[in-house]
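Everything below concerns the one structure shown next.
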Amino acid sequence: MVKRKQYLKKLRKLKDQQVIKVITGVRRCGKSTLFLQFQEYLRECDVTDEQIIHVNFEDMAFEYLLDYKALYAYIEKKLISEKMTYVFLDEIQAVPEFQKAVNSLFLKKNIDIYITGSNAYMLSGELATLLSGRYIEIGMLPLSFQEYYELVSGDLRDAWNLYFRNGGFPYIAPITDADIRRDYLEGLYNTVLLKDIVARKNFQDIPLLKSVTTFLFDNIGNIVSSKKISDSLTSFGRKTTSVTVEKYINALLESFILYKVSRYDIKGKQHLKSLEKYYLVDVSLRRLLLGDKNTDIGHILENIVYLELIRRGYYVSIGKVGDLEIDFIAERDGNKIYYQVAATILDENTFAREIAPLQKVKDSYPKFIISMDEISADVDGIKQVNIIDFLLGS
């Protein structure tokens, strides 16, 4: 089991702070394991087992607590008045109106609340109203390459090739059997679509939802719109509208299986309201639906780089410079970094195409081209970096 050090560090900083810690992320990215690892840390701080209450709503042993009133009563009974009690509520979105129980518990003294959820919808509506300013969201992703390599070890290049192909879901990272990996990913995919999306949204046309999902998975890193998707599906006999497609896209975004990146006009200094790009929470899901056909190495690399940037706490946009495009503008604490991502830039024409947008940006912020090439160079202050070196932070 790999330590999720980045997330543990955040939780340690927030320990005993009067704020609810909300860990969100796609199913099976490691949220429950993070809770267990943090509880180990609490015990190292002399917190007793009696001070820790952990309810996982995917465990049938806690099915009777799916009523928010029963949940509140169960936890209230276990609170220790003279000491801090640490309450962990896993996959809390399974409890209708859970926000009422969480809000009431938060009002009590000596209670530190941690919750997880696999759907962004849980942080909208009444919960946001009741707990406005009283919770901090920590977005969680599957394993980074650094975490993955820590888990599997061995030859660095071999580990990279496996990560590029199989992704970073923690459970299957060390598994070499392709059938087991596929069965696991199919179970995850079906759970997200059928349980987190279809059941909650009451969508009737499941085949259409799967068609929209497959289209988006096949077009990661491409500029798309709901109209383009609806027109494309209609031309293939799956008649639909852009309004319906938009609903399906929003549901995929809420389930954290998909991430949307807007475009930013660098010269105009404004975000554009149309023609976004979408990236997957883990590249393994693309291979699950599409197999090895149309393996677009460049866009898969883009996807991996995008996830790494948001892991590092950056707000990420796509840059528009006239009629040229910069893959990513990463912003944090008032600073920017520009990134181009390509499979290889050894070809002279490819290199010229990739570096041109960066050369048109005249500010002094760092600029990088990331590729799988075994090179490290600097042209006009624009650094060329190998993907593995970038992911390992070296």
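Residue numbers start at 1 in each chain; chains themselves are named A, B, ... in the order of the structure tokens; ligands are numbered from 1 in the order shown.
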
### Message
Set the distance at 9 Å and use only C-alpha atoms: which residues neighbour A:Ile75 once local chain neighbours fewer than 6 positions away are removed? I'd like the list as number ranges by chain.
### Response
A: 53, 87, 105

### Message
For the structure I just gave you, how does DSSP split stretch 113-272 of chain A - specifically, which residues are helix (DSSP H, G or I)? Reply as an NGL selection string.
### Response
:A and (120-123 or 126-130 or 145-152 or 156-166 or 170-172 or 178-201 or 206-218 or 226-235 or 242-254)

### Message
Can you tell me which residues surround A:Ala330 at a distance of at most 12 Å, considering only C-alpha atoms, apart from same-chain residues fewer than 3 positions away, and format the answer as JSON, numbers by chain?
### Response
{"A": [261, 263, 264, 305, 306, 307, 308, 309, 310, 311, 312, 313, 314, 315, 316, 317, 318, 319, 326, 327, 333, 334, 335, 336, 337, 338, 339, 340, 365, 366, 367, 368]}

### Polymer residues at most 6 Å from A:Leu275, only C-alpha atoms, same-chain spacing of 5 or more positions, as a list of chain:residue names
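Listing them by chain and then by number gives A:Ile223, A:Val224, A:Ser225.
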
I need the chosen residues saved as a PDB file, in the first residue's frame, with N, CA and C atoms.
ATOM      1  N   ILE A 223     -10.807  19.950 -29.031  1.00  0.00           N
ATOM      2  CA  ILE A 223     -11.844  20.925 -28.761  1.00  0.00           C
ATOM      3  C   ILE A 223     -13.182  20.357 -29.234  1.00  0.00           C
ATOM      4  N   VAL A 224     -14.143  20.294 -28.326  1.00  0.00           N
ATOM      5  CA  VAL A 224     -15.455  19.752 -28.669  1.00  0.00           C
ATOM      6  C   VAL A 224     -16.543  20.661 -28.089  1.00  0.00           C
ATOM      7  N   SER A 225     -17.749  20.457 -28.571  1.00  0.00           N
ATOM      8  CA  SER A 225     -18.915  21.155 -28.036  1.00  0.00           C
ATOM      9  C   SER A 225     -20.065  20.157 -27.998  1.00  0.00           C
TER      10      SER A 225
END

#### Entry: Distance query A:Phe169 at most 9 Å, only C-alpha atoms, self and fewer than 6 positions along chain excluded, as a list in words
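Surrounding residues, per the criterion: Arg28, Cys29, Gly30, Leu141, Pro142, Leu143, Leu185, Asp282 and Ser284 of chain A.
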
Output N, CA and C atoms for every residue in that selection, as an mmCIF file, in the first residue's frame.
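Saved the output as again-v4.cif:
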data_model
loop_
_atom_site.group_PDB
_atom_site.id
_atom_site.type_symbol
_atom_site.label_atom_id
_atom_site.label_comp_id
_atom_site.auth_asym_id
_atom_site.auth_seq_id
_atom_site.Cartn_x
_atom_site.Cartn_y
_atom_site.Cartn_z
ATOM 1 N N ARG A 28 -13.010 4.633 -6.108
ATOM 2 C CA ARG A 28 -11.832 3.747 -6.073
ATOM 3 C C ARG A 28 -10.517 4.463 -6.391
ATOM 4 N N CYS A 29 -10.482 5.768 -6.159
ATOM 5 C CA CYS A 29 -9.208 6.472 -6.341
ATOM 6 C C CYS A 29 -8.371 6.428 -5.062
ATOM 7 N N GLY A 30 -8.944 5.892 -3.962
ATOM 8 C CA GLY A 30 -8.162 5.733 -2.741
ATOM 9 C C GLY A 30 -8.654 6.528 -1.554
ATOM 10 N N LEU A 141 -7.234 12.258 -6.659
ATOM 11 C CA LEU A 141 -7.080 11.581 -7.945
ATOM 12 C C LEU A 141 -6.445 10.212 -7.745
ATOM 13 N N PRO A 142 -6.532 9.339 -8.751
ATOM 14 C CA PRO A 142 -5.749 8.097 -8.699
ATOM 15 C C PRO A 142 -4.254 8.407 -8.579
ATOM 16 N N LEU A 143 -3.450 7.387 -8.509
ATOM 17 C CA LEU A 143 -2.019 7.546 -8.248
ATOM 18 C C LEU A 143 -1.319 8.407 -9.297
ATOM 19 N N LEU A 185 -11.840 -2.607 -13.985
ATOM 20 C CA LEU A 185 -12.183 -1.336 -14.612
ATOM 21 C C LEU A 185 -13.616 -1.342 -15.146
ATOM 22 N N ASP A 282 -8.506 9.099 -15.451
ATOM 23 C CA ASP A 282 -7.435 8.102 -15.551
ATOM 24 C C ASP A 282 -7.472 7.523 -16.959
ATOM 25 N N SER A 284 -6.624 4.767 -18.135
ATOM 26 C CA SER A 284 -7.003 3.358 -18.262
ATOM 27 C C SER A 284 -8.433 3.204 -18.763
#

### Task
Give me, please, the distance in Å between atom CA of A:Asp373 and atom CA of A:Thr176, quoted to one decimal.
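It comes out at 26.6 Å.
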
### Query
Got a sec: who's within 8 Å of stretch 201-214 of chain A, counting only C-alpha atoms, leaving out chain neighbours fewer than 5 positions off, as a ChimeraX atom specification?
/A:229,233,238,245,248-249,251-252,289-290

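When only C-alpha atoms are used to compute distances to A:Gln146, the closest of the residues A:Phe57, A:Glu348, A:Lys383, A:Lys3 turns out to be A:Lys3.
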
### Query
What does the distance between atom CA of A:Tyr278 and atom CA of A:Tyr259 come to in Å, to one decimal place?
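Between atom CA of A:Tyr278 and atom CA of A:Tyr259 the gap is 5.5 Å.
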
### Task
Write out as a PyMOL selection string the residues lying within 7 Å of stretch 356-364 of chain A, counting only C-alpha atoms and excluding same-chain residues fewer than 5 positions away.
chain A and resi 321+324-326

### Task
Counting only C-alpha atoms, figure out which residue out of A:His54, A:Lys21, A:Lys77, A:Arg182 gets nearest to A:Phe106.
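Using only C-alpha atoms, the shortest distance to A:Phe106 belongs to A:Lys21.
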
### Task
Can you list, as a PyMOL selection string, all residues belonging to stretch 96-157 of chain A that DSSP tags as strand (DSSP E)?
chain A and resi 111-117+135-139

With N, CA and C atoms retained, export the selected residues as a short mmCIF file (atom, residue, chain, number, x, y, z; two decimals), in the first residue's frame.
data_model
loop_
_atom_site.label_atom_id
_atom_site.label_comp_id
_atom_site.auth_asym_id
_atom_site.auth_seq_id
_atom_site.Cartn_x
_atom_site.Cartn_y
_atom_site.Cartn_z
N ILE A 111 -15.43 17.80 18.18
CA ILE A 111 -15.70 16.85 17.10
C ILE A 111 -14.99 17.33 15.84
N ASP A 112 -14.31 16.42 15.19
CA ASP A 112 -13.55 16.72 13.98
C ASP A 112 -14.10 15.81 12.88
N ILE A 113 -14.74 16.41 11.85
CA ILE A 113 -15.50 15.64 10.87
C ILE A 113 -14.78 15.56 9.53
N TYR A 114 -14.72 14.33 9.00
CA TYR A 114 -14.12 14.06 7.69
C TYR A 114 -15.14 13.26 6.87
N ILE A 115 -15.43 13.72 5.65
CA ILE A 115 -16.36 12.97 4.82
C ILE A 115 -15.79 12.79 3.41
N THR A 116 -16.20 11.72 2.75
CA THR A 116 -15.82 11.53 1.35
C THR A 116 -17.08 11.41 0.51
N GLY A 117 -16.92 11.71 -0.77
CA GLY A 117 -18.02 11.56 -1.71
C GLY A 117 -17.49 11.37 -3.12
N TYR A 135 -16.49 24.28 5.35
CA TYR A 135 -15.87 23.05 4.87
C TYR A 135 -14.77 23.37 3.87
N ILE A 136 -13.82 22.47 3.78
CA ILE A 136 -12.74 22.56 2.80
C ILE A 136 -12.77 21.31 1.95
N GLU A 137 -12.80 21.49 0.64
CA GLU A 137 -12.80 20.35 -0.28
C GLU A 137 -11.38 20.01 -0.69
N ILE A 138 -11.05 18.73 -0.60
CA ILE A 138 -9.77 18.23 -1.08
C ILE A 138 -10.05 17.25 -2.21
N GLY A 139 -9.75 17.67 -3.43
CA GLY A 139 -9.98 16.80 -4.58
C GLY A 139 -8.90 15.74 -4.68
#

### Task
Give the answer as one residue: which of A:Thr350, A:Asn250, A:Asn56, A:Thr33 has the shortest atom-to-atom distance to A:Lys5, using only C-alpha atoms?
A:Thr33

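Nearest residue to A:Lys83 among A:Val385, A:Asp46, A:Leu34, A:Leu188 is A:Asp46, counting only C-alpha atoms.
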
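When only C-alpha atoms are used to compute distances to A:Leu130, the closest of the residues A:Ala343, A:Lys109, A:Ile180, A:Ile20 turns out to be A:Ile20.
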
### Task
Using atom CA of A:Gly167 and atom CA of A:Val283 as the two end points, give the distance in Å to one decimal.
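For atom CA of A:Gly167 relative to atom CA of A:Val283, the distance reads 5.4 Å.
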